[in-house]
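**Student:** Sharing data_36.tsv here; it has TSV, C-alpha atoms.
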```tsv
chain	number	residue	atom	x	y	z
U	1	MET	CA	-121.21	147.55	-15.98
U	2	ILE	CA	-117.44	147.15	-15.93
U	3	ARG	CA	-115.97	146.30	-19.31
U	4	SER	CA	-112.33	145.46	-18.66
U	5	ARG	CA	-109.71	144.34	-21.13
U	6	ALA	CA	-109.87	141.00	-19.28
U	7	VAL	CA	-113.56	140.66	-20.15
U	8	ARG	CA	-112.94	141.69	-23.73
U	9	ALA	CA	-110.04	139.28	-24.07
U	10	ARG	CA	-112.13	136.37	-22.94
U	11	ALA	CA	-115.00	137.30	-25.23
U	12	GLY	CA	-112.65	137.60	-28.19
U	13	LEU	CA	-111.20	134.14	-27.65
U	14	ALA	CA	-114.48	132.38	-26.91
U	15	LEU	CA	-114.99	131.07	-30.45
U	16	LEU	CA	-111.42	129.86	-30.74
U	17	LEU	CA	-111.74	127.84	-27.57
U	18	SER	CA	-115.26	126.51	-28.03
U	19	GLY	CA	-114.13	123.26	-29.57
U	20	ALA	CA	-112.22	122.36	-26.44
U	21	LEU	CA	-115.06	122.92	-24.01
U	22	LEU	CA	-116.72	120.11	-22.09
U	23	ALA	CA	-119.59	118.59	-24.04
U	24	GLY	CA	-121.09	115.98	-21.77
U	25	CYS	CA	-117.95	113.84	-21.92
U	26	GLY	CA	-116.97	113.96	-18.25
U	27	LEU	CA	-113.53	115.45	-17.68
U	28	THR	CA	-111.79	114.35	-20.84
U	29	SER	CA	-111.51	117.89	-22.13
U	30	GLY	CA	-111.33	121.47	-21.00
U	31	SER	CA	-110.15	124.89	-21.99
U	32	PRO	CA	-107.56	127.24	-20.55
U	33	MET	CA	-108.85	130.27	-18.69
U	34	VAL	CA	-107.54	133.35	-20.48
U	35	ASP	CA	-108.44	136.22	-18.17
U	36	ASP	CA	-105.83	138.97	-18.33
U	37	VAL	CA	-105.88	139.75	-14.62
U	38	ARG	CA	-103.38	140.95	-12.05
U	39	PRO	CA	-103.41	140.64	-8.26
U	40	GLY	CA	-105.71	142.96	-6.35
U	41	THR	CA	-106.41	142.15	-2.74
U	42	VAL	CA	-105.82	138.48	-3.60
U	43	GLY	CA	-102.81	136.95	-5.27
U	44	LYS	CA	-100.31	139.55	-4.11
U	45	GLY	CA	-96.78	138.39	-4.78
U	46	ARG	CA	-98.21	135.81	-7.21
U	47	PRO	CA	-97.73	132.87	-4.80
U	48	LEU	CA	-99.01	130.37	-7.38
U	49	GLU	CA	-96.54	131.42	-10.08
U	50	GLY	CA	-95.83	128.41	-12.29
U	51	ALA	CA	-98.66	126.31	-10.86
U	52	LYS	CA	-100.94	124.39	-13.20
U	53	LEU	CA	-104.37	123.96	-11.67
U	54	THR	CA	-107.62	122.48	-12.93
U	55	VAL	CA	-110.89	123.94	-11.64
U	56	THR	CA	-114.21	122.14	-11.90
U	57	SER	CA	-117.86	122.77	-11.02
U	58	LYS	CA	-121.35	121.40	-11.56
U	59	GLU	CA	-123.47	122.64	-14.43
U	60	PHE	CA	-125.98	125.00	-12.79
U	61	THR	CA	-125.71	128.79	-12.70
U	62	GLU	CA	-124.28	129.32	-9.23
U	63	GLN	CA	-121.67	126.61	-9.70
U	64	LEU	CA	-120.55	128.05	-13.04
U	65	VAL	CA	-120.09	131.47	-11.42
U	66	LEU	CA	-118.22	130.03	-8.41
U	67	GLY	CA	-115.98	127.93	-10.63
U	68	ALA	CA	-115.07	131.01	-12.65
U	69	ILE	CA	-114.39	133.00	-9.47
U	70	MET	CA	-112.00	130.35	-8.23
U	71	GLY	CA	-110.18	130.09	-11.56
U	72	ILE	CA	-109.83	133.87	-11.88
U	73	ALA	CA	-108.34	134.06	-8.38
U	74	PHE	CA	-105.80	131.37	-9.22
U	75	GLN	CA	-104.82	133.20	-12.42
U	76	ALA	CA	-104.28	136.46	-10.55
U	77	ALA	CA	-102.01	134.56	-8.16
U	78	GLY	CA	-99.89	133.40	-11.10
U	79	ALA	CA	-101.30	129.97	-11.97
U	80	SER	CA	-102.21	128.56	-15.36
U	81	VAL	CA	-105.78	127.33	-15.03
U	82	LEU	CA	-107.61	124.65	-16.98
U	83	ASP	CA	-111.37	125.23	-17.00
U	84	ARG	CA	-113.36	122.04	-16.54
U	85	THR	CA	-116.46	123.64	-15.08
U	86	GLY	CA	-120.00	122.67	-16.03
U	87	VAL	CA	-119.87	118.95	-15.27
U	88	GLN	CA	-123.29	117.31	-15.41
U	89	GLY	CA	-124.48	116.15	-12.00
U	90	SER	CA	-122.83	116.37	-8.61
U	91	ILE	CA	-120.98	113.07	-8.61
U	92	GLY	CA	-118.79	113.80	-11.65
U	93	ALA	CA	-117.28	117.00	-10.29
U	94	ARG	CA	-116.82	115.50	-6.83
U	95	GLU	CA	-115.06	112.41	-8.18
U	96	ALA	CA	-112.79	114.60	-10.31
U	97	VAL	CA	-111.47	116.38	-7.22
U	98	LYS	CA	-111.25	113.11	-5.30
U	99	SER	CA	-109.26	111.38	-8.04
U	100	GLY	CA	-107.04	114.34	-8.87
U	101	ASP	CA	-108.47	114.86	-12.36
U	102	ALA	CA	-109.37	118.30	-11.01
U	103	ASP	CA	-107.67	120.16	-8.21
U	104	ALA	CA	-110.42	122.27	-6.71
U	105	MET	CA	-114.05	123.38	-6.73
U	106	TYR	CA	-116.60	125.14	-4.55
U	107	GLU	CA	-118.84	122.47	-3.00
U	108	TYR	CA	-121.70	122.42	-0.50
U	109	THR	CA	-121.33	120.96	2.99
U	110	GLY	CA	-124.82	119.47	3.00
U	111	THR	CA	-124.29	117.75	-0.33
U	112	SER	CA	-121.10	116.14	0.88
U	113	TRP	CA	-122.50	115.15	4.26
U	114	ILE	CA	-125.68	113.57	2.92
U	115	THR	CA	-125.08	112.63	-0.74
U	116	TYR	CA	-121.40	111.66	-0.75
U	117	LEU	CA	-120.76	110.58	2.84
U	118	GLY	CA	-124.08	108.78	3.24
U	119	ASN	CA	-125.46	110.43	6.36
U	120	THR	CA	-129.21	110.76	6.82
U	121	GLU	CA	-129.36	113.42	9.51
U	122	PRO	CA	-127.89	116.90	8.89
U	123	VAL	CA	-125.83	118.67	11.51
U	124	VAL	CA	-127.89	121.69	12.66
U	125	ASP	CA	-124.99	124.04	13.35
U	126	PRO	CA	-123.37	125.07	10.02
U	127	GLN	CA	-119.86	125.30	11.46
U	128	GLU	CA	-120.16	121.91	13.11
U	129	GLN	CA	-121.43	120.39	9.87
U	130	TRP	CA	-118.44	121.80	7.98
U	131	GLU	CA	-116.09	120.40	10.62
U	132	ALA	CA	-117.76	116.99	10.37
U	133	VAL	CA	-117.43	117.01	6.58
U	134	ARG	CA	-113.81	118.15	6.74
U	135	LYS	CA	-112.93	115.38	9.18
U	136	ALA	CA	-114.73	112.65	7.23
U	137	ASP	CA	-113.33	113.67	3.84
U	138	LYS	CA	-109.70	113.50	4.94
U	139	ALA	CA	-109.84	109.79	4.26
U	140	ASN	CA	-110.98	110.55	0.70
U	141	GLY	CA	-107.97	112.69	-0.12
U	142	ILE	CA	-110.03	115.89	0.04
U	143	THR	CA	-109.34	118.95	2.17
U	144	TRP	CA	-112.10	121.45	2.93
U	145	LEU	CA	-111.15	125.08	3.44
U	146	PRO	CA	-113.27	127.37	5.69
U	147	PRO	CA	-116.86	127.89	4.51
U	148	ALA	CA	-118.74	130.92	3.28
U	149	ARG	CA	-121.95	132.32	4.74
U	150	LEU	CA	-123.55	131.47	1.38
U	151	ASN	CA	-126.06	128.73	2.22
U	152	ASN	CA	-127.86	127.40	-0.84
U	153	THR	CA	-130.46	125.25	0.85
U	154	TYR	CA	-134.09	124.40	0.20
U	155	ALA	CA	-136.88	126.71	1.36
U	156	LEU	CA	-140.52	127.52	0.77
U	157	ALA	CA	-141.38	130.96	-0.58
U	158	VAL	CA	-144.50	133.05	-1.16
U	159	ASN	CA	-145.45	135.91	-3.45
U	160	PRO	CA	-146.45	139.30	-1.98
U	161	ALA	CA	-150.20	138.67	-2.29
U	162	THR	CA	-150.06	135.40	-0.37
U	163	GLU	CA	-147.77	136.85	2.27
U	164	LYS	CA	-150.17	139.75	2.81
U	165	LYS	CA	-153.29	137.56	2.81
U	166	TYR	CA	-152.10	135.05	5.40
U	167	GLY	CA	-149.35	136.97	7.22
U	168	ILE	CA	-147.13	133.91	7.05
U	169	LYS	CA	-143.44	134.25	7.95
U	170	ASN	CA	-142.29	130.70	8.78
U	171	LEU	CA	-142.96	127.03	8.14
U	172	SER	CA	-144.71	126.47	11.47
U	173	GLN	CA	-147.35	128.94	10.30
U	174	VAL	CA	-147.71	127.02	7.03
U	175	ALA	CA	-148.35	123.88	9.09
U	176	GLU	CA	-150.98	125.71	11.15
U	177	LEU	CA	-152.67	126.96	7.97
U	178	SER	CA	-152.67	123.46	6.46
U	179	LYS	CA	-154.66	122.22	9.47
U	180	ARG	CA	-156.96	125.23	9.72
U	181	ASP	CA	-157.67	125.59	6.01
U	182	PRO	CA	-156.25	122.62	4.03
U	183	GLY	CA	-157.29	124.05	0.68
U	184	ALA	CA	-155.20	127.17	1.25
U	185	VAL	CA	-151.89	125.30	1.15
U	186	THR	CA	-150.95	124.29	-2.38
U	187	LEU	CA	-147.34	123.60	-3.27
U	188	CYS	CA	-145.31	123.90	-6.48
U	189	VAL	CA	-142.25	121.65	-6.21
U	190	GLU	CA	-139.72	119.77	-8.29
U	191	SER	CA	-140.23	116.01	-8.51
U	192	GLU	CA	-136.97	115.35	-6.66
U	193	PHE	CA	-137.98	117.60	-3.76
U	194	ALA	CA	-141.31	115.76	-3.53
U	195	SER	CA	-139.54	112.45	-2.81
U	196	ARG	CA	-136.35	113.40	-0.92
U	197	GLN	CA	-136.25	112.89	2.82
U	198	ASP	CA	-134.53	116.27	3.13
U	199	GLY	CA	-137.40	117.63	1.01
U	200	LEU	CA	-141.18	117.47	1.22
U	201	PRO	CA	-141.70	114.17	3.12
U	202	GLY	CA	-139.25	115.11	5.84
U	203	MET	CA	-140.51	118.69	6.03
U	204	GLN	CA	-144.10	117.52	6.51
U	205	LYS	CA	-143.03	115.11	9.25
U	206	LYS	CA	-140.91	117.69	11.05
U	207	TYR	CA	-143.62	120.36	11.04
U	208	GLY	CA	-146.66	118.12	11.40
U	209	MET	CA	-148.04	119.13	8.01
U	210	ASN	CA	-150.64	117.01	6.27
U	211	ILE	CA	-150.83	118.31	2.73
U	212	PRO	CA	-152.96	116.16	0.39
U	213	ALA	CA	-151.16	114.81	-2.66
U	214	SER	CA	-153.72	116.60	-4.82
U	215	ASN	CA	-152.42	119.90	-3.43
U	216	VAL	CA	-148.83	119.19	-4.51
U	217	ARG	CA	-148.04	120.18	-8.11
U	218	LYS	CA	-144.79	118.78	-9.51
U	219	MET	CA	-143.00	120.70	-12.23
U	220	ASP	CA	-139.65	121.82	-13.59
U	221	GLY	CA	-137.68	124.01	-11.19
U	222	GLY	CA	-137.80	127.08	-13.41
U	223	ILE	CA	-141.56	126.84	-13.77
U	224	VAL	CA	-141.95	126.72	-9.98
U	225	TYR	CA	-140.76	130.33	-9.76
U	226	THR	CA	-143.06	131.67	-12.46
U	227	GLU	CA	-146.11	129.78	-11.17
U	228	LEU	CA	-145.42	130.86	-7.61
U	229	SER	CA	-145.02	134.48	-8.70
U	230	SER	CA	-148.29	134.46	-10.60
U	231	GLY	CA	-150.18	132.52	-7.95
U	232	ARG	CA	-151.92	130.47	-10.65
U	233	SER	CA	-150.94	127.01	-9.47
U	234	CYS	CA	-149.81	127.36	-5.89
U	235	THR	CA	-149.65	129.48	-2.77
U	236	PHE	CA	-146.23	128.18	-1.72
U	237	GLY	CA	-143.26	127.00	-3.76
U	238	GLU	CA	-139.96	125.20	-3.30
U	239	VAL	CA	-136.98	127.48	-3.95
U	240	TYR	CA	-133.23	127.53	-3.46
U	241	THR	CA	-132.22	130.30	-1.07
U	242	THR	CA	-129.57	131.83	-3.32
U	243	ASP	CA	-131.59	131.76	-6.55
U	244	GLY	CA	-131.56	135.11	-8.33
U	245	ARG	CA	-135.22	134.79	-9.28
U	246	ILE	CA	-136.26	135.24	-5.64
U	247	LYS	CA	-135.34	138.90	-5.68
U	248	ALA	CA	-136.29	139.44	-9.32
U	249	LEU	CA	-139.83	138.15	-8.72
U	250	ASN	CA	-140.20	139.80	-5.31
U	251	LEU	CA	-140.69	136.50	-3.50
U	252	THR	CA	-140.30	136.08	0.27
U	253	VAL	CA	-138.43	133.09	1.70
U	254	LEU	CA	-140.14	131.62	4.75
U	255	ASP	CA	-138.11	130.98	7.87
U	256	ASP	CA	-137.27	127.34	8.58
U	257	ASP	CA	-137.94	127.93	12.29
U	258	LYS	CA	-137.36	124.30	13.31
U	259	ASN	CA	-134.09	124.05	11.36
U	260	PHE	CA	-135.23	121.13	9.22
U	261	PHE	CA	-133.41	121.80	5.97
U	262	PRO	CA	-129.71	120.89	5.92
U	263	ASN	CA	-127.06	123.59	5.72
U	264	TYR	CA	-125.58	123.81	2.25
U	265	ASN	CA	-122.79	126.27	2.96
U	266	VAL	CA	-120.34	126.56	0.11
U	267	ALA	CA	-116.64	126.00	0.74
U	268	PRO	CA	-113.52	125.28	-1.32
U	269	GLU	CA	-112.97	121.54	-1.73
U	270	ILE	CA	-109.33	120.85	-2.62
U	271	ASN	CA	-107.53	117.68	-3.65
U	272	THR	CA	-105.16	117.13	-0.73
U	273	LYS	CA	-102.16	116.31	-2.92
U	274	ALA	CA	-102.68	119.53	-4.89
U	275	LEU	CA	-102.87	121.47	-1.63
U	276	GLU	CA	-99.61	119.92	-0.44
U	277	LYS	CA	-97.98	120.89	-3.71
U	278	TYR	CA	-99.41	124.42	-3.69
U	279	PRO	CA	-99.87	125.45	-0.04
U	280	ALA	CA	-100.65	129.05	-1.04
U	281	ILE	CA	-104.14	128.05	-2.26
U	282	PRO	CA	-105.95	128.70	1.07
U	283	GLY	CA	-104.58	132.22	1.34
U	284	VAL	CA	-105.65	133.05	-2.19
U	285	LEU	CA	-109.24	131.88	-1.70
U	286	ALA	CA	-109.87	132.94	1.91
U	287	PRO	CA	-110.87	136.61	1.33
U	288	ILE	CA	-113.21	135.66	-1.51
U	289	THR	CA	-114.93	132.86	0.41
U	290	ALA	CA	-115.37	135.17	3.41
U	291	LYS	CA	-117.19	137.69	1.20
U	292	LEU	CA	-119.71	135.28	-0.30
U	293	ASP	CA	-123.20	135.31	1.19
U	294	ASN	CA	-126.76	134.71	0.02
U	295	ALA	CA	-127.36	138.31	-1.05
U	296	ILE	CA	-124.28	138.33	-3.28
U	297	ALA	CA	-125.15	134.91	-4.69
U	298	GLN	CA	-128.68	136.05	-5.53
U	299	GLU	CA	-127.31	139.13	-7.28
U	300	LEU	CA	-124.77	137.19	-9.35
U	301	ASN	CA	-127.17	134.35	-10.12
U	302	SER	CA	-129.81	136.84	-11.23
U	303	LYS	CA	-127.46	138.38	-13.76
U	304	VAL	CA	-127.12	134.97	-15.39
U	305	ALA	CA	-130.56	133.40	-14.91
U	306	VAL	CA	-132.69	136.54	-15.29
U	307	GLN	CA	-130.60	138.90	-17.42
U	308	GLY	CA	-128.95	136.24	-19.56
U	309	GLN	CA	-125.35	137.28	-18.97
U	310	ASP	CA	-122.39	134.90	-19.33
U	311	PRO	CA	-121.46	133.27	-15.97
U	312	HIS	CA	-117.74	133.81	-16.44
U	313	THR	CA	-118.20	137.47	-17.33
U	314	VAL	CA	-120.43	137.95	-14.27
U	315	ALA	CA	-117.77	136.36	-12.07
U	316	LEU	CA	-114.96	138.43	-13.53
U	317	GLU	CA	-116.80	141.72	-13.26
U	318	TRP	CA	-117.63	141.00	-9.62
U	319	MET	CA	-113.99	140.14	-8.86
U	320	LEU	CA	-112.90	143.41	-10.47
U	321	ALA	CA	-115.58	145.48	-8.73
U	322	GLU	CA	-114.64	144.04	-5.32
U	323	GLY	CA	-110.96	144.74	-5.96
U	324	PHE	CA	-109.95	141.11	-5.60
U	325	VAL	CA	-108.22	141.33	-9.01
U	326	LYS	CA	-107.18	144.10	-11.38
U	327	ASP	CA	-107.12	144.22	-15.16
```
Go ahead and render the structure in this file as structure tokens.

**Tutor:**
Amino acid sequence: MIRSRAVRARAGLALLLSGALLAGCGLTSGSPMVDDVRPGTVGKGRPLEGAKLTVTSKEFTEQLVLGAIMGIAFQAAGASVLDRTGVQGSIGAREAVKSGDADAMYEYTGTSWITYLGNTEPVVDPQEQWEAVRKADKANGITWLPPARLNNTYALAVNPATEKKYGIKNLSQVAELSKRDPGAVTLCVESEFASRQDGLPGMQKKYGMNIPASNVRKMDGGIVYTELSSGRSCTFGEVYTTDGRIKALNLTVLDDDKNFFPNYNVAPEINTKALEKYPAIPGVLAPITAKLDNAIAQELNSKVAVQGQDPHTVALEWMLAEGFVKD
């Protein structure tokens, strides 16, 4: 593990800054990012020298890591960065960028298309969905930069024993099994997934599944992974495709062979006025966004969710290891 002076500096100042961190109060507070980083492959020439930028994110693991990655990149390019990551719920972070209370975040195309922009049908092609979101959000004062391959969407997964027993690789085969042997298909899902049209109801309709309500066990998202791994409560479980517990628990994600689940590709979402003021932002973020994919997200998320590491430290060490920044 890389232990840079940048990592040590942040750790040493953590207690001093803790009183300024967000504490469920929206975006009324924040803390300066204090990573002692220099340009690597990003930020050369320090094109954001003198800029003051505010970075935000939602509160879950992947978002905390992505928010830190963005802020570290801005610092290496010369900006002073205010850390307002960890906002509870999706709407708060989104509205912060929209209003200008924050300048930038990594957001998901599917979330914007369905949750914020009010569409009911996802766009199947991920690039076309990003283009549709980018076009629609111009009117909201938000500019979307090119997306990553990282696609944090819903999926069903199985443990090794179930995969071996039934030889299942995709959701069409789950549907076939549910008709052939209804008792064999039991699901562990979050309550929200059980009611969302881009979740269980829509999936069953798309694939012609008919899973009895008694075969659907609703539980907290973290418990889904442990129950699925053990096989105690279910043969199949709802997962997020970039969750670090997938690899840690040796789970297999089933192919969505009819392309039901929306694409949730991550991309930088920038307040348009901030982008006009600091036009170097796209060039700073482009190499990092291009590198992000599901395998990298699973690795970074696992370090936080499974190993208990600090999200900011995980982000910084990855940025250093990839050569994006130097200490």

**Student:** Counting all atoms listed in the file, give me one row per residue of segment 115-199 of chain U with an atom at most 12 Å from an atom of segment 51-71 of chain U, showing the shortest contact pair and its distance in Å to one decimal, sorted by chain then residue number, as a Markdown table.

**Tutor:**
```
| residue | atom | partner | partner_atom | distance |
| --- | --- | --- | --- | --- |
| U:Ala148 | CA | U:Leu66 | CA | 11.7 |
| U:Leu150 | CA | U:Glu62 | CA | 10.9 |
| U:Asn151 | CA | U:Glu62 | CA | 11.6 |
| U:Asn152 | CA | U:Glu62 | CA | 9.3 |
```

**Student:** Return the single residue from U:Gly283, U:Gly244, U:Gly208, U:Pro146 that is closest to Glu299 of chain U, with distances computed using only C-alpha atoms.

**Tutor:**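 Selected residue with least distance to Glu299 of chain U: U:Gly244.
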
**Student:** Quick one: residues within 12 Å of Ala155 of chain U, only C-alpha atoms, excluding same-chain residues fewer than 2 positions away - as a ChimeraX atom specification?

**Tutor:** /U:151-153,157-158,169-171,187-189,193,198-200,203,236-243,246,251-257,259-264

**Student:** Determine, using all atoms listed in the file, which residues of segment 103-174 of chain U have any atom at most 10 Å from an atom of segment 76-98 of chain U, and tabulate each with its shortest atom pair and distance in Å to one decimal place, rows ordered by chain and then rising number, as CSV.

**Tutor:**
```
residue,atom,partner,partner_atom,distance
U:Asp103,CA,U:Val97,CA,5.5
U:Ala104,CA,U:Val97,CA,6.0
U:Met105,CA,U:Val97,CA,7.5
U:Tyr106,CA,U:Arg94,CA,9.9
U:Glu107,CA,U:Arg94,CA,8.2
U:Thr111,CA,U:Ser90,CA,8.5
U:Ser112,CA,U:Arg94,CA,8.8
U:Thr115,CA,U:Ile91,CA,8.9
U:Tyr116,CA,U:Ile91,CA,8.0
U:Asp137,CA,U:Lys98,CA,9.4
U:Asn140,CA,U:Lys98,CA,6.5
U:Gly141,CA,U:Lys98,CA,6.1
U:Ile142,CA,U:Lys98,CA,6.1
U:Thr143,CA,U:Lys98,CA,9.7
```

**Student:** Go ahead and write the residues just picked, C-alpha atoms, as a JSON list (two decimals), in the frame of the given file.

**Tutor:**
```json
[["chain", "number", "residue", "atom", "x", "y", "z"],
["U", 103, "ASP", "CA", -107.67, 120.16, -8.21],
["U", 104, "ALA", "CA", -110.42, 122.27, -6.71],
["U", 105, "MET", "CA", -114.05, 123.38, -6.73],
["U", 106, "TYR", "CA", -116.60, 125.14, -4.55],
["U", 107, "GLU", "CA", -118.84, 122.47, -3.00],
["U", 111, "THR", "CA", -124.29, 117.75, -0.33],
["U", 112, "SER", "CA", -121.10, 116.14, 0.88],
["U", 115, "THR", "CA", -125.08, 112.63, -0.74],
["U", 116, "TYR", "CA", -121.40, 111.66, -0.75],
["U", 137, "ASP", "CA", -113.33, 113.67, 3.84],
["U", 140, "ASN", "CA", -110.98, 110.55, 0.70],
["U", 141, "GLY", "CA", -107.97, 112.69, -0.12],
["U", 142, "ILE", "CA", -110.03, 115.89, 0.04],
["U", 143, "THR", "CA", -109.34, 118.95, 2.17]]
```

**Student:** Taking only C-alpha atoms into account, which of U:Ala305, U:Ile223, U:Ala161, U:Met319 comes nearest Pro287 of chain U?

**Tutor:** U:Met319

**Student:** So, counting all atoms listed in the file, which residue among U:Val224, U:Ile211, U:Val34, U:Leu117 is closest to Ala139 of chain U?

**Tutor:**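 Using all atoms listed in the file, the shortest distance to Ala139 of chain U belongs to U:Leu117.
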
**Student:** What is the atom CA of Leu249 of chain U to atom CA of Leu228 of chain U distance in Å?

**Tutor:**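 Interatomic distance, atom CA of Leu249 of chain U to atom CA of Leu228 of chain U: 9.3 Å.
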
**Student:** Just the number, please: distance in Å from atom CA of Val284 of chain U to atom CA of Val123 of chain U, one decimal.

**Tutor:**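 Between these atoms lies a distance of 28.3 Å.
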